[in-house]
Amino acid sequence: MKNASKKYNIVTFGCQMNKADSERMAGVLENMGFEASEDPNLADLVLYNTCTIRDNAEQKVYSYLGRQAKRKHKQPDLTLIVAGCVAQQEGEQLLRRVPELDLVMGPQHANRLEDLLTQVFDGNQVVATEPIQIVEDITKPRRDSEISAWVNIIYGCNERCSYCVVPNVRGVEQSRTPEAIRAEMVELGKQGYKEITLLGQNIDAYGRDLPGSTPEGRHKYTLTDLLYYVHDIPGIERIRFATSHPRYFTERLIKACQELPNVCEHFHIPFQSGDNDILKAMKRGYTHEKYRRIIDTIREYMPDASITADAIVGFPGETETQFENTLQLIEDIGFDLVNTAAYSPRPATPAALWENQLSEEVKSDRLQRLNRLVFASAETRSERYLGREEEILVEAQNTKDLNQLMGRTRGNRLTFFPGKIEELQGKTVKVKITAIRSFSITGELVEVLS
Ligand code: SAH
Ligand code: SF4
Ligand code: F3S
């Protein structure tokens, strides 16, 4: 094999889509004969799979890249690749900024890595950022976990939230066929995986672009249809999905989650702001009242469901009162977790050009206040677990205390309990919860379920 004994290292930034893409690119490289190296400085091929959602994510890439570019001067046969969202955003310009690069490839090109590398090994510097129809994956991903796996169901995003780069860098929505998704899940079940997270930037858009409709021909195929189609795969005990958009979220989907035992009682539905004028300026297409109704409906069907979200503070023009409306929403709803961020102006997004930008001081002050509330809200939500027996899927050792194991509840709460990894990894167990914190809980093993 021509690449035998060559080593690769992939560094992944950003969201679950990037993690899933990295696993597929690692699969391609291993199929080509490369071996994984923990240390980028010992690798013959270094790939950065990048994120540009906020400015600090983008800057991190440049500092990493600088170090490897220097190494290339001493080791000219080092192959340097930038993949993902910064690659898509910057394209050719990245080559000018870092001329040591061999390959710049956008997210839609992840499955074409072998093709692109062949051109690189022929002596070309390659930029692959043109929009394409994503090719179905032919190589097996090299997955980081043996228990829990990502499965992409829809790529891209057709929304145009006024702050967001994702549509620019991930392209238009492209749904995979239900058959391809089910086949991948069946294969994962055979390999011993127990949990699958279905992925999409706007997962409720799933199916909109598929040519056919349901066999009865009455409506377009939706995420809900997909859940009914894939819920019963041998071996797969838990199905999750993310990210939901409040604008498209349906009661039918909630019913499906309640009805299908393997679909977990966890909803990740970003609200971004609790203020209607800010939501309008963000072009989110819903009001906070609509968001609250969605959560009420979920709780009518599944009182114990976990609710998580994302929020942005310091959007251009946000007043103190508008910010307080976000705090109020969090207080009223009670979230298990909220990923928070200060607004960061992004290239080629409408809001970045507005003149009513807030100062860094105001943004960071609001972020701290928001985080304090999120912490308290999450702790209150954790309290409901105290004294309960929870079903936990054991993933790994607790890296901070090797006598403990780490897993998650069906609601996705991080859970620790004493146990031996050799005996319990990948098992579903019952744990009695004895202590709680904001974002994790601790307990004792009661019994092994499966
Ligand atoms: N598709 C998802 C989220 C994708 S990006 C959705 O529609 O909710 C992940 C999160 O990053 C977003 O939910 C948002 O909270 C945050 N984000 C996106 N653009 C941002 C920006 N310019 N500044 C700060 N946070 C941002
Ligand atoms: Fe970005 Fe909005 Fe698409 Fe989410 S729905 S990825 S926030 S444009
Ligand atoms: Fe970042 Fe791209 Fe995901 S910008 S958040 S890696 S879609």
# chains A, B, ... in the order shown; residues from 1 in each chain; ligands from 1
$ residues_near_ligand --ligand "ligand 2" --cutoff "8 Å" --atoms "only C-alpha atoms and all ligand atoms" --output "ChimeraX atom specification"
/A:156-167,201-202,245,284
$ write_last_selection --atoms "N, CA, C and O atoms" --output "short mmCIF file (atom, residue, chain, number, x, y, z; two decimals), in the first residue's frame"
data_model
loop_
_atom_site.label_atom_id
_atom_site.label_comp_id
_atom_site.auth_asym_id
_atom_site.auth_seq_id
_atom_site.Cartn_x
_atom_site.Cartn_y
_atom_site.Cartn_z
N GLY A 156 -26.56 21.16 5.29
CA GLY A 156 -26.88 22.52 4.87
C GLY A 156 -28.01 23.16 5.64
O GLY A 156 -28.56 22.59 6.58
N CYS A 157 -28.34 24.40 5.27
CA CYS A 157 -29.42 25.14 5.92
C CYS A 157 -29.94 26.20 4.95
O CYS A 157 -29.17 26.94 4.36
N ASN A 158 -31.29 26.24 4.81
CA ASN A 158 -31.90 27.24 3.92
C ASN A 158 -32.42 28.46 4.66
O ASN A 158 -33.02 29.35 4.06
N GLU A 159 -32.25 28.50 5.99
CA GLU A 159 -32.68 29.67 6.74
C GLU A 159 -31.69 30.79 6.47
O GLU A 159 -30.59 30.57 5.97
N ARG A 160 -32.09 31.99 6.83
CA ARG A 160 -31.16 33.10 6.68
C ARG A 160 -31.18 33.93 7.94
O ARG A 160 -31.51 35.12 7.90
N CYS A 161 -30.88 33.34 9.07
CA CYS A 161 -30.83 34.11 10.30
C CYS A 161 -29.77 35.19 10.09
O CYS A 161 -28.70 34.91 9.55
N SER A 162 -30.07 36.41 10.53
CA SER A 162 -29.27 37.54 10.07
C SER A 162 -27.86 37.58 10.67
O SER A 162 -27.02 38.35 10.23
N TYR A 163 -27.59 36.71 11.68
CA TYR A 163 -26.27 36.71 12.32
C TYR A 163 -25.39 35.55 11.88
O TYR A 163 -24.23 35.46 12.29
N CYS A 164 -25.92 34.63 11.07
CA CYS A 164 -25.34 33.28 11.01
C CYS A 164 -24.61 32.98 9.70
O CYS A 164 -25.11 33.23 8.61
N VAL A 165 -23.43 32.39 9.82
CA VAL A 165 -22.63 32.03 8.63
C VAL A 165 -22.99 30.66 8.05
O VAL A 165 -22.55 30.33 6.95
N VAL A 166 -23.73 29.87 8.81
CA VAL A 166 -23.91 28.47 8.40
C VAL A 166 -24.43 28.30 6.95
O VAL A 166 -23.87 27.53 6.18
N PRO A 167 -25.49 29.06 6.57
CA PRO A 167 -25.95 28.89 5.18
C PRO A 167 -24.87 29.22 4.15
O PRO A 167 -24.80 28.59 3.10
N GLN A 201 -28.51 20.78 10.69
CA GLN A 201 -28.48 22.13 11.24
C GLN A 201 -29.89 22.61 11.53
O GLN A 201 -30.13 23.36 12.45
N ASN A 202 -30.80 22.20 10.66
CA ASN A 202 -32.20 22.52 10.84
C ASN A 202 -32.92 21.22 10.54
O ASN A 202 -33.39 20.98 9.44
N HIS A 245 -35.69 23.51 15.00
CA HIS A 245 -35.98 24.93 14.79
C HIS A 245 -37.42 25.21 15.23
O HIS A 245 -38.35 24.57 14.73
N ARG A 284 -35.75 35.06 12.74
CA ARG A 284 -35.97 33.70 13.22
C ARG A 284 -37.36 33.16 12.84
O ARG A 284 -37.58 31.96 12.84
#
$ residues_near_ligand --ligand "ligand 3" --cutoff "6 Å" --atoms "only C-alpha atoms and all ligand atoms" --output "MDAnalysis selection string"
chainID A and resid 14:15 17:18 51:53 85 166
$ write_last_selection --atoms "C-alpha atoms" --output "short mmCIF file (atom, residue, chain, number, x, y, z; two decimals), in the first residue's frame"
data_model
loop_
_atom_site.label_atom_id
_atom_site.label_comp_id
_atom_site.auth_asym_id
_atom_site.auth_seq_id
_atom_site.Cartn_x
_atom_site.Cartn_y
_atom_site.Cartn_z
CA GLY A 14 -17.03 23.31 15.99
CA CYS A 15 -20.28 21.40 16.04
CA MET A 17 -21.59 18.11 11.93
CA ASN A 18 -17.87 18.76 11.91
CA CYS A 51 -15.45 26.28 12.52
CA THR A 52 -16.29 29.93 11.89
CA ILE A 53 -19.49 30.36 13.85
CA CYS A 85 -16.36 26.04 7.51
CA VAL A 166 -23.91 28.47 8.40
#
$ closest_residue --among "A:Asp77, A:Glu320, A:Glu379, A:Asp310" --to "Val46 of chain A" --atoms "only C-alpha atoms"
A:Asp77
$ residues_around --residues "Arg208 of chain A" --least-positions-apart "3" --cutoff "8 Å" --atoms "only C-alpha atoms" --output "list in words"
Ser175, Ala205, Lys220, Tyr221 and Thr222 of chain A
$ select_by_dssp --residues "segment 245-351 of chain A" --states "alpha helix (DSSP H)" --output "ChimeraX atom specification"
/A:251-259,276-281,288-301,320-333
$ closest_residue --among "A:Lys400, A:Arg142, A:Arg182, A:Arg346" --to "ligand 1" --atoms "only C-alpha atoms and all ligand atoms"
A:Arg346
$ residues_around --residues "Met185 of chain A" --least-positions-apart "3" --cutoff "10 Å" --atoms "only C-alpha atoms" --output "list in words"
Ala149, Trp150, Val151, Glu179, Ala180, Ile181, Arg182, Leu188, Gly189, Lys190, Gln191, Tyr193, Glu195, Ile196, Leu198, Val230, His231, Ile233, Pro234, Gly235 and Ile236 of chain A
$ closest_residue --among "A:Asp336, A:Glu136, A:Glu173, A:Glu146" --to "ligand 1" --atoms "only C-alpha atoms and all ligand atoms"
A:Glu173
$ closest_residue --among "A:Gly171, A:Pro178, A:Gly407, A:Pro246" --to "ligand 1" --atoms "only C-alpha atoms and all ligand atoms"
A:Pro246
$ atom_distance --atom1 "atom CA of Gln16 of chain A" --atom2 "atom CA of Gly285 of chain A"
24.3 Å
$ residues_around --residues "Glu100 of chain A" --least-positions-apart "2" --cutoff "10 Å" --atoms "only C-alpha atoms" --output "ChimeraX atom specification"
/A:65-66,68-73,76,78-81,94-98,102-103,125
$ write_last_selection --atoms "N, CA and C atoms" --output "short mmCIF file (atom, residue, chain, number, x, y, z; two decimals), in the first residue's frame"
data_model
loop_
_atom_site.label_atom_id
_atom_site.label_comp_id
_atom_site.auth_asym_id
_atom_site.auth_seq_id
_atom_site.Cartn_x
_atom_site.Cartn_y
_atom_site.Cartn_z
N LEU A 65 -2.67 26.62 12.83
CA LEU A 65 -2.16 26.43 11.47
C LEU A 65 -0.74 26.99 11.33
N GLY A 66 -0.51 28.15 11.99
CA GLY A 66 0.80 28.80 11.93
C GLY A 66 1.91 27.84 12.35
N GLN A 68 1.97 24.52 12.31
CA GLN A 68 2.23 23.43 11.35
C GLN A 68 2.87 23.98 10.07
N ALA A 69 2.49 25.21 9.68
CA ALA A 69 3.07 25.80 8.47
C ALA A 69 4.58 25.94 8.66
N LYS A 70 5.00 26.32 9.87
CA LYS A 70 6.44 26.43 10.17
C LYS A 70 7.12 25.08 10.02
N ARG A 71 6.48 24.03 10.55
CA ARG A 71 7.06 22.69 10.49
C ARG A 71 7.27 22.26 9.04
N LYS A 72 6.37 22.73 8.18
CA LYS A 72 6.46 22.32 6.77
C LYS A 72 7.76 22.80 6.11
N HIS A 73 8.32 23.90 6.62
CA HIS A 73 9.57 24.38 6.03
C HIS A 73 10.70 23.38 6.26
N PRO A 76 9.17 19.20 4.04
CA PRO A 76 8.37 19.61 2.89
C PRO A 76 7.32 18.58 2.46
N LEU A 78 5.28 17.13 4.34
CA LEU A 78 4.10 17.22 5.22
C LEU A 78 2.90 17.70 4.39
N THR A 79 1.77 17.00 4.53
CA THR A 79 0.56 17.44 3.82
C THR A 79 -0.33 18.22 4.79
N LEU A 80 -0.66 19.43 4.42
CA LEU A 80 -1.46 20.31 5.30
C LEU A 80 -2.83 20.61 4.68
N ILE A 81 -3.86 20.32 5.43
CA ILE A 81 -5.22 20.49 4.89
C ILE A 81 -6.07 21.34 5.82
N LEU A 94 -7.29 31.69 1.71
CA LEU A 94 -6.53 30.95 2.72
C LEU A 94 -5.15 30.58 2.17
N LEU A 95 -5.10 30.25 0.89
CA LEU A 95 -3.81 29.90 0.27
C LEU A 95 -2.87 31.09 0.28
N ARG A 96 -3.44 32.27 0.10
CA ARG A 96 -2.60 33.47 0.11
C ARG A 96 -2.10 33.75 1.52
N ARG A 97 -2.99 33.51 2.47
CA ARG A 97 -2.61 33.77 3.87
C ARG A 97 -1.63 32.72 4.37
N VAL A 98 -1.85 31.46 4.01
CA VAL A 98 -0.97 30.35 4.43
C VAL A 98 -0.55 29.56 3.19
N ASP A 102 -1.76 22.59 1.35
CA ASP A 102 -1.89 21.76 0.15
C ASP A 102 -3.32 21.69 -0.34
N LEU A 103 -4.25 21.75 0.62
CA LEU A 103 -5.64 21.52 0.25
C LEU A 103 -6.57 22.33 1.14
N GLN A 125 -1.77 22.21 -5.73
CA GLN A 125 -2.38 22.85 -4.57
C GLN A 125 -3.87 22.96 -4.92
#
$ closest_residue --among "A:Leu386, A:Ala342, A:Val263, A:Ile147" --to "Leu227 of chain A" --atoms "only C-alpha atoms"
A:Val263
